[in-house]
file input07.txt (compact mmCIF, C-alpha atoms)
# COMPACT_ATOMS: atom_id res chain seq x y z
CA MET A 1 10.04 -10.92 -63.70
CA LYS A 2 12.15 -7.97 -62.57
CA PHE A 3 15.92 -8.17 -62.11
CA GLU A 4 17.88 -5.49 -60.28
CA LEU A 5 21.62 -5.10 -59.74
CA ASP A 6 22.50 -2.45 -57.19
CA ASN A 7 25.34 -0.99 -55.11
CA VAL A 8 28.12 -2.77 -57.00
CA GLU A 9 31.65 -1.96 -55.90
CA LEU A 10 34.52 -3.56 -57.82
CA TYR A 11 38.22 -2.91 -57.30
CA PHE A 12 41.30 -4.24 -59.09
CA LYS A 13 44.57 -3.66 -57.23
CA ASN A 14 42.91 -0.95 -55.11
CA LYS A 15 41.70 0.84 -58.24
CA SER A 16 37.95 1.46 -58.35
CA ILE A 17 36.40 -0.04 -61.49
CA LEU A 18 32.70 0.07 -60.63
CA SER A 19 30.81 2.04 -58.00
CA GLY A 20 27.43 3.70 -58.11
CA ILE A 21 25.85 0.94 -60.18
CA TYR A 22 22.13 0.44 -60.56
CA LEU A 23 20.55 -1.62 -63.31
CA LYS A 24 16.96 -2.79 -63.73
CA ALA A 25 15.79 -5.23 -66.38
CA GLU A 26 12.37 -6.79 -66.93
CA THR A 27 10.79 -9.63 -68.85
CA GLY A 28 9.62 -8.40 -72.23
CA LYS A 29 12.37 -5.79 -72.57
CA VAL A 30 15.91 -5.67 -73.90
CA THR A 31 18.14 -3.72 -71.55
CA ALA A 32 21.41 -2.39 -72.99
CA ILE A 33 24.66 -1.37 -71.35
CA LEU A 34 26.73 1.01 -73.45
CA GLY A 35 30.19 2.27 -72.60
CA THR A 36 33.67 2.77 -73.98
CA ASN A 37 36.24 -0.03 -74.10
CA GLY A 38 37.55 -0.73 -70.63
CA SER A 39 34.60 0.91 -68.86
CA GLY A 40 33.64 -2.34 -67.12
CA LYS A 41 30.71 -3.62 -69.20
CA SER A 42 31.92 -7.23 -69.30
CA CYS A 43 32.77 -7.12 -65.59
CA LEU A 44 29.25 -5.93 -64.85
CA LEU A 45 27.71 -8.82 -66.79
CA ARG A 46 29.96 -11.30 -65.01
CA ILE A 47 28.99 -9.82 -61.64
CA ALA A 48 25.33 -10.17 -62.59
CA PHE A 49 25.93 -13.78 -63.65
CA GLY A 50 27.82 -14.49 -60.45
CA ASN A 51 31.25 -15.68 -61.64
CA LEU A 52 33.02 -12.42 -60.73
CA LYS A 53 32.89 -11.48 -57.09
CA PRO A 54 33.00 -7.73 -56.37
CA LYS A 55 33.62 -6.11 -53.00
CA TYR A 56 29.87 -5.59 -52.74
CA LYS A 57 26.71 -6.13 -54.75
CA LEU A 58 22.99 -6.53 -54.25
CA VAL A 59 20.91 -8.62 -56.63
CA ARG A 60 17.13 -8.57 -56.38
CA ILE A 61 14.61 -10.73 -58.19
CA ASN A 62 11.10 -9.29 -58.05
CA GLY A 63 12.23 -7.05 -55.21
CA LYS A 64 13.66 -9.86 -53.06
CA PRO A 65 17.43 -10.13 -52.40
CA LEU A 66 19.10 -13.13 -54.05
CA LEU A 67 21.62 -14.62 -51.64
CA LYS A 68 23.38 -17.01 -54.01
CA PRO A 69 25.07 -16.50 -57.40
CA LEU A 70 22.52 -16.12 -60.18
CA TYR A 71 24.05 -18.94 -62.23
CA LYS A 72 23.17 -21.39 -59.43
CA THR A 73 19.47 -20.69 -59.97
CA LYS A 74 19.69 -22.28 -63.45
CA ASN A 75 17.34 -19.56 -64.70
CA ILE A 76 20.08 -17.76 -66.62
CA LYS A 77 22.15 -18.15 -69.78
CA PHE A 78 25.31 -16.13 -70.40
CA LEU A 79 27.09 -15.45 -73.70
CA PRO A 80 30.67 -14.42 -72.81
CA GLN A 81 33.08 -12.78 -75.25
CA TYR A 82 35.08 -16.00 -75.54
CA ASN A 83 33.89 -19.28 -77.09
CA PHE A 84 32.27 -21.56 -74.53
CA VAL A 85 31.41 -24.56 -76.73
CA PRO A 86 34.25 -27.15 -76.57
CA SER A 87 36.07 -27.41 -79.92
CA GLY A 88 35.69 -31.19 -80.18
CA MET A 89 31.88 -31.23 -79.88
CA THR A 90 29.76 -31.76 -82.97
CA LEU A 91 27.03 -29.22 -83.65
CA ASN A 92 24.45 -32.00 -83.48
CA PHE A 93 25.59 -32.91 -79.96
CA VAL A 94 25.64 -29.26 -78.85
CA PHE A 95 22.07 -28.67 -80.03
CA LYS A 96 20.84 -31.86 -78.34
CA THR A 97 22.60 -30.87 -75.11
CA TYR A 98 20.73 -27.55 -75.05
CA GLY A 99 17.42 -29.14 -76.08
CA LEU A 100 17.29 -27.31 -79.40
CA ASN A 101 16.14 -28.41 -82.86
CA TRP A 102 18.76 -28.35 -85.59
CA GLU A 103 16.21 -28.15 -88.41
CA THR A 104 14.65 -25.04 -86.91
CA PHE A 105 18.10 -23.44 -86.75
CA ILE A 106 19.04 -24.06 -90.37
CA LYS A 107 15.73 -22.67 -91.61
CA GLU A 108 16.95 -19.26 -90.40
CA PHE A 109 20.68 -19.82 -90.82
CA ASP A 110 20.93 -21.83 -94.02
CA GLU A 111 24.67 -21.24 -94.28
CA PHE A 112 24.99 -24.11 -91.81
CA LEU A 113 23.16 -26.64 -94.00
CA GLY A 114 25.33 -29.75 -94.03
CA PHE A 115 27.27 -28.71 -90.91
CA LYS A 116 25.30 -30.93 -88.49
CA THR A 117 28.13 -33.43 -87.89
CA PHE A 118 30.93 -30.83 -87.97
CA ASN A 119 33.07 -30.29 -84.93
CA PHE A 120 32.80 -26.79 -83.50
CA SER A 121 36.51 -26.29 -84.25
CA LYS A 122 35.80 -26.40 -88.02
CA LEU A 123 33.70 -23.23 -87.91
CA SER A 124 35.00 -19.74 -88.57
CA GLY A 125 35.01 -17.17 -85.77
CA GLY A 126 31.82 -15.58 -87.09
CA GLN A 127 30.07 -18.94 -87.48
CA ARG A 128 30.97 -19.88 -83.90
CA ARG A 129 29.51 -16.60 -82.67
CA ILE A 130 26.25 -17.20 -84.55
CA VAL A 131 25.86 -20.72 -83.13
CA GLU A 132 26.67 -19.70 -79.56
CA THR A 133 24.44 -16.64 -79.63
CA TYR A 134 21.55 -18.70 -81.04
CA ILE A 135 22.01 -21.37 -78.36
CA ILE A 136 22.05 -18.85 -75.51
CA LEU A 137 18.98 -17.01 -76.81
CA LYS A 138 16.90 -20.09 -77.60
CA ALA A 139 17.79 -22.38 -74.69
CA LYS A 140 15.40 -22.53 -71.76
CA SER A 141 15.99 -19.66 -69.32
CA GLU A 142 14.38 -16.58 -67.80
CA ILE A 143 17.39 -14.26 -67.99
CA VAL A 144 19.85 -13.91 -70.87
CA LEU A 145 23.13 -11.98 -70.74
CA LEU A 146 24.78 -11.19 -74.08
CA ASP A 147 28.34 -9.85 -74.18
CA GLU A 148 29.27 -8.65 -77.68
CA PRO A 149 26.85 -10.89 -79.63
CA PHE A 150 27.42 -9.04 -82.92
CA SER A 151 31.22 -9.38 -82.99
CA HIS A 152 32.65 -10.86 -86.22
CA ILE A 153 29.18 -11.48 -87.68
CA SER A 154 28.22 -10.38 -91.21
CA PRO A 155 25.51 -7.69 -91.55
CA LEU A 156 22.95 -10.23 -92.81
CA TYR A 157 23.31 -12.37 -89.70
CA VAL A 158 23.43 -9.37 -87.40
CA GLU A 159 19.91 -8.57 -88.58
CA LYS A 160 18.80 -12.17 -88.00
CA ILE A 161 20.24 -12.12 -84.48
CA LYS A 162 18.40 -8.84 -83.79
CA THR A 163 15.15 -10.45 -84.97
CA LEU A 164 15.83 -13.43 -82.73
CA ILE A 165 16.42 -11.12 -79.75
CA ASN A 166 13.10 -9.38 -80.37
CA ASP A 167 11.33 -12.73 -80.64
CA GLU A 168 12.84 -14.12 -77.44
CA LYS A 169 12.35 -11.06 -75.25
CA SER A 170 8.63 -11.71 -74.91
CA ASN A 171 9.26 -14.29 -72.20
CA LYS A 172 12.80 -13.45 -71.08
CA ILE A 173 14.88 -10.70 -69.55
CA ILE A 174 17.65 -9.84 -72.02
CA ILE A 175 20.64 -7.73 -71.03
CA ILE A 176 23.05 -6.90 -73.82
CA THR A 177 26.27 -5.01 -74.39
CA ASP A 178 28.20 -4.45 -77.60
CA HIS A 179 30.50 -1.79 -79.05
CA MET A 180 28.30 -1.70 -82.19
CA TYR A 181 26.05 0.93 -80.64
CA ARG A 182 23.68 1.40 -83.57
CA HIS A 183 22.57 -2.24 -83.39
CA ILE A 184 22.24 -1.98 -79.63
CA ILE A 185 20.09 1.15 -79.89
CA GLU A 186 17.83 -0.46 -82.50
CA VAL A 187 17.20 -3.61 -80.49
CA SER A 188 16.93 -2.13 -76.98
CA ASP A 189 13.99 -0.89 -74.93
CA THR A 190 16.09 0.50 -72.06
CA ILE A 191 19.63 1.87 -72.24
CA TYR A 192 22.18 2.46 -69.50
CA LEU A 193 25.49 4.21 -70.10
CA LEU A 194 28.43 3.00 -68.03
CA LYS A 195 30.76 5.91 -67.44
CA ASN A 196 33.31 6.59 -64.69
CA GLY A 197 32.28 3.40 -62.95
CA ALA A 198 28.61 4.36 -62.63
CA THR A 199 25.48 3.66 -64.65
CA LYS A 200 23.34 6.45 -66.06
CA ARG A 201 19.84 5.70 -67.38
CA ILE A 202 19.48 7.16 -70.87
CA ASN A 203 16.08 8.71 -71.48
CA LYS A 204 16.91 10.51 -74.74
CA LEU A 205 19.45 9.25 -77.26
CA THR A 206 20.98 12.73 -77.47
CA GLU A 207 22.20 12.17 -73.90
CA LEU A 208 24.75 9.76 -75.37
CA GLU A 209 26.27 12.80 -77.07
CA ASP A 210 25.87 14.99 -73.97
CA TYR A 211 27.81 12.43 -71.90
CA LYS A 212 30.53 12.30 -74.62
CA TYR A 213 29.94 8.61 -75.38
CA LEU A 214 29.14 9.62 -78.96
CA SER A 215 30.49 12.60 -80.83
CA GLN A 216 28.04 15.36 -81.74
CA GLY A 217 26.00 14.45 -84.82
CA SER A 218 26.68 10.71 -84.61
CA LEU A 219 23.00 9.94 -84.32
CA ASN A 220 22.02 11.83 -87.48
call {"tool": "encode", "arguments": {"input": "input07.txt", "output": "structure tokens"}}
result
Amino acid sequence: MKFELDNVELYFKNKSILSGIYLKAETGKVTAILGTNGSGKSCLLRIAFGNLKPKYKLVRINGKPLLKPLYKTKNIKFLPQYNFVPSGMTLNFVFKTYGLNWETFIKEFDEFLGFKTFNFSKLSGGQRRIVETYIILKAKSEIVLLDEPFSHISPLYVEKIKTLINDEKSNKIIIITDHMYRHIIEVSDTIYLLKNGATKRINKLTELEDYKYLSQGSLN
């Protein structure tokens, strides 16, 4: 499958936030969006998902325009920056709701052994992020959007999430953004830089320094 987001124009109070956007993502690849804080990365993911309406956008699936919000196709899962699992739900109920196996989860994330009947509210911020990221990546879908999946997660679990992303990309489109650029670079096949409201396809990592996203020598 091929997903394209094109010609996005987004304004807030007559101020241009996004214009000159083009993004292509494909099954089997992780596509990254890098950019400074406030550059519009989260807005772009929400526009792709369909719950933020810009002045204009064009979404294409396999070259054909999609005329309804992507979330209405039920082929997509979206990890927002905020927690989406209700605090009063038990982890067991959440995993059943998404059609996922708890035992498979704790084999990789053994910190959660014994947490099966816990309410989501009892977890730390980092634990919540791990659970929600796992759910979004493993649940049935064709397109996955990840907004800051590595936030508040310990280095050990960051590596496990990166492994999970690589495992899941074989049959999914994965689009990811995070301020932890080194992890993004390591896990991505295609990188776009969002700067001055427009996307720039990065062909060489040194271009991230050329465009002043990274300081000179950061990649050494």
call {"tool": "atom_distance", "arguments": {"input": "input07.txt", "atom1": "atom CA of A:Val144", "atom2": "atom CA of A:Val187"}}
result
14.3 Å
call {"tool": "residues_around", "arguments": {"input": "input07.txt", "residues": "stretch 122-139 of chain A", "least_positions_apart": "4", "cutoff": "7 Å", "atoms": "all atoms listed in the file", "output": "CSV table (one decimal) with C-alpha atoms, in the coordinates of the input"}}
result
chain,number,residue,atom,x,y,z
A,77,LYS,CA,22.2,-18.2,-69.8
A,78,PHE,CA,25.3,-16.1,-70.4
A,79,LEU,CA,27.1,-15.4,-73.7
A,98,TYR,CA,20.7,-27.6,-75.0
A,99,GLY,CA,17.4,-29.1,-76.1
A,100,LEU,CA,17.3,-27.3,-79.4
A,118,PHE,CA,30.9,-30.8,-88.0
A,144,VAL,CA,19.8,-13.9,-70.9
A,149,PRO,CA,26.8,-10.9,-79.6
A,152,HIS,CA,32.6,-10.9,-86.2
A,153,ILE,CA,29.2,-11.5,-87.7
A,168,GLU,CA,12.8,-14.1,-77.4
call {"tool": "closest_residue", "arguments": {"input": "input07.txt", "among": "A:Ser215, A:Asn37, A:Thr199, A:Thr90", "to": "A:Asp6", "atoms": "all atoms listed in the file"}}
result
A:Thr199
call {"tool": "closest_residue", "arguments": {"input": "input07.txt", "among": "A:Phe112, A:Val85, A:Lys57, A:Leu194", "to": "A:Gly38", "atoms": "all atoms listed in the file"}}
result
A:Leu194
call {"tool": "residues_around", "arguments": {"input": "input07.txt", "residues": "A:Ala198", "least_positions_apart": "5", "cutoff": "8 Å", "atoms": "all atoms listed in the file", "output": "NGL selection string"}}
result
:A and (18-22)
call {"tool": "write_last_selection", "arguments": {"input": "input07.txt", "atoms": "C-alpha atoms", "output": "PDB file, in the coordinates of the input"}}
result
ATOM      1  CA  LEU A  18      32.700   0.070 -60.630  1.00  0.00           C
ATOM      2  CA  SER A  19      30.810   2.040 -58.000  1.00  0.00           C
ATOM      3  CA  GLY A  20      27.430   3.700 -58.110  1.00  0.00           C
ATOM      4  CA  ILE A  21      25.850   0.940 -60.180  1.00  0.00           C
ATOM      5  CA  TYR A  22      22.130   0.440 -60.560  1.00  0.00           C
TER       6      TYR A  22
END
call {"tool": "residues_around", "arguments": {"input": "input07.txt", "residues": "A:Gly114", "least_positions_apart": "5", "cutoff": "12 Å", "atoms": "all atoms listed in the file", "output": "PyMOL selection string"}}
result
chain A and resi 91-92+102-103+106+109+119
call {"tool": "closest_residue", "arguments": {"input": "input07.txt", "among": "A:Ser121, A:Gly35, A:Gly50, A:Val8", "to": "A:Gly88", "atoms": "all atoms listed in the file"}}
result
A:Ser121
call {"tool": "atom_distance", "arguments": {"input": "input07.txt", "atom1": "atom CA of A:Asn7", "atom2": "atom CA of A:Asn171"}}
result
27.0 Å
call {"tool": "residues_near_point", "arguments": {"input": "input07.txt", "point": "(32.7, -8.8, -54.7)", "cutoff": "9 Å", "atoms": "all atoms listed in the file", "output": "NGL selection string"}}
result
:A and (8-11 or 47 or 52-57)
call {"tool": "closest_residue", "arguments": {"input": "input07.txt", "among": "A:Ser154, A:Thr36, A:Thr27, A:Thr190", "to": "A:Lys212", "atoms": "all atoms listed in the file"}}
result
A:Thr36
call {"tool": "axis_aligned_box", "arguments": {"input": "input07.txt", "around": "stretch 103-117 of chain A", "padding_each_side": "5 Å", "output": "lines of an AutoDock Vina configuration file"}}
result
center_x = 21.4
center_y = -26.3
center_z = -90.5
size_x = 23.5
size_y = 24.2
size_z = 17.5
call {"tool": "atom_distance", "arguments": {"input": "input07.txt", "atom1": "atom CA of A:Glu207", "atom2": "atom CA of A:Tyr192"}}
result
10.7 Å
call {"tool": "closest_residue", "arguments": {"input": "input07.txt", "among": "A:Asn62, A:Thr73, A:Gln81, A:Thr31", "to": "A:Ile202", "atoms": "all atoms listed in the file"}}
result
A:Thr31
call {"tool": "closest_residue", "arguments": {"input": "input07.txt", "among": "A:Thr104, A:Thr177, A:Ser170, A:Ser218", "to": "A:Lys29", "atoms": "all atoms listed in the file"}}
result
A:Ser170
call {"tool": "decode", "arguments": {"input": "input07.txt", "residues": "stretch 45-61 of chain A", "atoms": "all heavy atoms", "output": "mmCIF file, in the first residue's frame"}}
result
data_model
loop_
_atom_site.group_PDB
_atom_site.id
_atom_site.type_symbol
_atom_site.label_atom_id
_atom_site.label_comp_id
_atom_site.auth_asym_id
_atom_site.auth_seq_id
_atom_site.Cartn_x
_atom_site.Cartn_y
_atom_site.Cartn_z
ATOM 1 N N LEU A 45 0.302 14.946 11.608
ATOM 2 C CA LEU A 45 -0.203 13.598 11.879
ATOM 3 C C LEU A 45 -1.712 13.610 12.080
ATOM 4 O O LEU A 45 -2.423 12.718 11.610
ATOM 5 C CB LEU A 45 0.490 13.004 13.107
ATOM 6 C CG LEU A 45 1.951 12.589 12.958
ATOM 7 C CD1 LEU A 45 2.410 11.864 14.217
ATOM 8 C CD2 LEU A 45 2.174 11.702 11.746
ATOM 9 N N ARG A 46 -2.206 14.614 12.774
ATOM 10 C CA ARG A 46 -3.654 14.708 12.997
ATOM 11 C C ARG A 46 -4.400 14.967 11.686
ATOM 12 O O ARG A 46 -5.510 14.455 11.486
ATOM 13 C CB ARG A 46 -3.955 15.813 14.004
ATOM 14 C CG ARG A 46 -3.541 15.482 15.439
ATOM 15 C CD ARG A 46 -3.938 16.592 16.374
ATOM 16 N NE ARG A 46 -5.387 16.811 16.337
ATOM 17 C CZ ARG A 46 -5.978 17.951 16.697
ATOM 18 N NH1 ARG A 46 -5.239 18.977 17.115
ATOM 19 N NH2 ARG A 46 -7.293 18.066 16.631
ATOM 20 N N ILE A 47 -3.809 15.742 10.803
ATOM 21 C CA ILE A 47 -4.412 15.973 9.486
ATOM 22 C C ILE A 47 -4.454 14.662 8.704
ATOM 23 O O ILE A 47 -5.450 14.334 8.059
ATOM 24 C CB ILE A 47 -3.633 17.057 8.722
ATOM 25 C CG1 ILE A 47 -3.881 18.429 9.371
ATOM 26 C CG2 ILE A 47 -4.025 17.091 7.247
ATOM 27 C CD1 ILE A 47 -2.952 19.514 8.876
ATOM 28 N N ALA A 48 -3.361 13.916 8.763
ATOM 29 C CA ALA A 48 -3.329 12.611 8.089
ATOM 30 C C ALA A 48 -4.402 11.682 8.654
ATOM 31 O O ALA A 48 -5.110 10.988 7.907
ATOM 32 C CB ALA A 48 -1.953 11.974 8.231
ATOM 33 N N PHE A 49 -4.536 11.675 9.959
ATOM 34 C CA PHE A 49 -5.525 10.823 10.632
ATOM 35 C C PHE A 49 -6.946 11.260 10.290
ATOM 36 O O PHE A 49 -7.846 10.431 10.118
ATOM 37 C CB PHE A 49 -5.296 10.874 12.141
ATOM 38 C CG PHE A 49 -6.166 9.963 12.945
ATOM 39 C CD1 PHE A 49 -6.111 8.593 12.779
ATOM 40 C CD2 PHE A 49 -7.040 10.478 13.897
ATOM 41 C CE1 PHE A 49 -6.908 7.740 13.535
ATOM 42 C CE2 PHE A 49 -7.844 9.643 14.661
ATOM 43 C CZ PHE A 49 -7.777 8.271 14.481
ATOM 44 N N GLY A 50 -7.143 12.576 10.208
ATOM 45 C CA GLY A 50 -8.447 13.095 9.825
ATOM 46 C C GLY A 50 -9.197 13.837 10.905
ATOM 47 O O GLY A 50 -10.319 14.300 10.677
ATOM 48 N N ASN A 51 -8.605 13.998 12.112
ATOM 49 C CA ASN A 51 -9.328 14.692 13.181
ATOM 50 C C ASN A 51 -8.898 16.156 13.338
ATOM 51 O O ASN A 51 -9.301 16.821 14.286
ATOM 52 C CB ASN A 51 -9.198 13.948 14.515
ATOM 53 C CG ASN A 51 -7.790 13.954 15.074
ATOM 54 O OD1 ASN A 51 -6.840 14.295 14.382
ATOM 55 N ND2 ASN A 51 -7.646 13.552 16.329
ATOM 56 N N LEU A 52 -8.096 16.648 12.410
ATOM 57 C CA LEU A 52 -7.793 18.076 12.312
ATOM 58 C C LEU A 52 -8.020 18.478 10.865
ATOM 59 O O LEU A 52 -7.412 17.921 9.949
ATOM 60 C CB LEU A 52 -6.344 18.373 12.725
ATOM 61 C CG LEU A 52 -5.892 19.834 12.576
ATOM 62 C CD1 LEU A 52 -6.742 20.761 13.447
ATOM 63 C CD2 LEU A 52 -4.410 19.979 12.929
ATOM 64 N N LYS A 53 -8.912 19.423 10.680
ATOM 65 C CA LYS A 53 -9.304 19.813 9.324
ATOM 66 C C LYS A 53 -8.528 21.059 8.899
ATOM 67 O O LYS A 53 -8.717 22.133 9.451
ATOM 68 C CB LYS A 53 -10.803 20.078 9.256
ATOM 69 C CG LYS A 53 -11.316 20.308 7.841
ATOM 70 C CD LYS A 53 -12.826 20.452 7.821
ATOM 71 C CE LYS A 53 -13.328 20.669 6.404
ATOM 72 N NZ LYS A 53 -14.808 20.807 6.376
ATOM 73 N N PRO A 54 -7.660 20.936 7.903
ATOM 74 C CA PRO A 54 -6.936 22.099 7.400
ATOM 75 C C PRO A 54 -7.772 22.845 6.357
ATOM 76 O O PRO A 54 -8.885 22.413 6.010
ATOM 77 C CB PRO A 54 -5.705 21.475 6.750
ATOM 78 C CG PRO A 54 -6.221 20.165 6.220
ATOM 79 C CD PRO A 54 -7.280 19.704 7.188
ATOM 80 N N LYS A 55 -7.241 23.938 5.855
ATOM 81 C CA LYS A 55 -7.923 24.654 4.778
ATOM 82 C C LYS A 55 -8.003 23.768 3.537
ATOM 83 O O LYS A 55 -9.023 23.754 2.831
ATOM 84 C CB LYS A 55 -7.181 25.949 4.450
ATOM 85 C CG LYS A 55 -7.844 26.786 3.361
ATOM 86 C CD LYS A 55 -7.093 28.081 3.117
ATOM 87 C CE LYS A 55 -7.772 28.901 2.013
ATOM 88 N NZ LYS A 55 -7.048 30.167 1.758
ATOM 89 N N TYR A 56 -6.923 22.999 3.304
ATOM 90 C CA TYR A 56 -6.904 22.121 2.142
ATOM 91 C C TYR A 56 -5.971 20.953 2.391
ATOM 92 O O TYR A 56 -4.965 21.095 3.096
ATOM 93 C CB TYR A 56 -6.445 22.878 0.887
ATOM 94 C CG TYR A 56 -6.552 22.044 -0.371
ATOM 95 C CD1 TYR A 56 -7.785 21.801 -0.959
ATOM 96 C CD2 TYR A 56 -5.422 21.470 -0.947
ATOM 97 C CE1 TYR A 56 -7.902 21.001 -2.098
ATOM 98 C CE2 TYR A 56 -5.523 20.671 -2.084
ATOM 99 C CZ TYR A 56 -6.776 20.454 -2.650
ATOM 100 O OH TYR A 56 -6.884 19.654 -3.761
ATOM 101 N N LYS A 57 -6.300 19.820 1.839
ATOM 102 C CA LYS A 57 -5.409 18.662 1.863
ATOM 103 C C LYS A 57 -5.853 17.694 0.775
ATOM 104 O O LYS A 57 -7.008 17.714 0.332
ATOM 105 C CB LYS A 57 -5.422 17.934 3.209
ATOM 106 C CG LYS A 57 -6.706 17.155 3.471
ATOM 107 C CD LYS A 57 -6.610 16.321 4.733
ATOM 108 C CE LYS A 57 -7.908 15.540 4.962
ATOM 109 N NZ LYS A 57 -7.871 14.735 6.193
ATOM 110 N N LEU A 58 -4.931 16.850 0.378
ATOM 111 C CA LEU A 58 -5.241 15.769 -0.554
ATOM 112 C C LEU A 58 -4.588 14.503 -0.023
ATOM 113 O O LEU A 58 -3.367 14.463 0.164
ATOM 114 C CB LEU A 58 -4.718 16.082 -1.960
ATOM 115 C CG LEU A 58 -4.902 14.975 -3.012
ATOM 116 C CD1 LEU A 58 -6.379 14.650 -3.211
ATOM 117 C CD2 LEU A 58 -4.269 15.392 -4.342
ATOM 118 N N VAL A 59 -5.408 13.506 0.247
ATOM 119 C CA VAL A 59 -4.914 12.201 0.691
ATOM 120 C C VAL A 59 -5.144 11.207 -0.435
ATOM 121 O O VAL A 59 -6.247 11.129 -0.988
ATOM 122 C CB VAL A 59 -5.632 11.734 1.975
ATOM 123 C CG1 VAL A 59 -5.244 10.297 2.320
ATOM 124 C CG2 VAL A 59 -5.302 12.664 3.141
ATOM 125 N N ARG A 60 -4.111 10.447 -0.760
ATOM 126 C CA ARG A 60 -4.240 9.401 -1.770
ATOM 127 C C ARG A 60 -3.804 8.061 -1.194
ATOM 128 O O ARG A 60 -2.785 7.989 -0.498
ATOM 129 C CB ARG A 60 -3.396 9.734 -3.012
ATOM 130 C CG ARG A 60 -3.887 10.921 -3.816
ATOM 131 C CD ARG A 60 -3.119 11.066 -5.131
ATOM 132 N NE ARG A 60 -1.728 11.395 -4.914
ATOM 133 C CZ ARG A 60 -1.248 12.650 -4.881
ATOM 134 N NH1 ARG A 60 -2.066 13.683 -5.051
ATOM 135 N NH2 ARG A 60 0.042 12.873 -4.688
ATOM 136 N N ILE A 61 -4.564 7.046 -1.496
ATOM 137 C CA ILE A 61 -4.224 5.666 -1.160
ATOM 138 C C ILE A 61 -4.030 4.918 -2.467
ATOM 139 O O ILE A 61 -4.957 4.845 -3.284
ATOM 140 C CB ILE A 61 -5.314 4.985 -0.311
ATOM 141 C CG1 ILE A 61 -5.575 5.750 0.989
ATOM 142 C CG2 ILE A 61 -4.939 3.534 -0.039
ATOM 143 C CD1 ILE A 61 -4.434 5.704 1.976
#
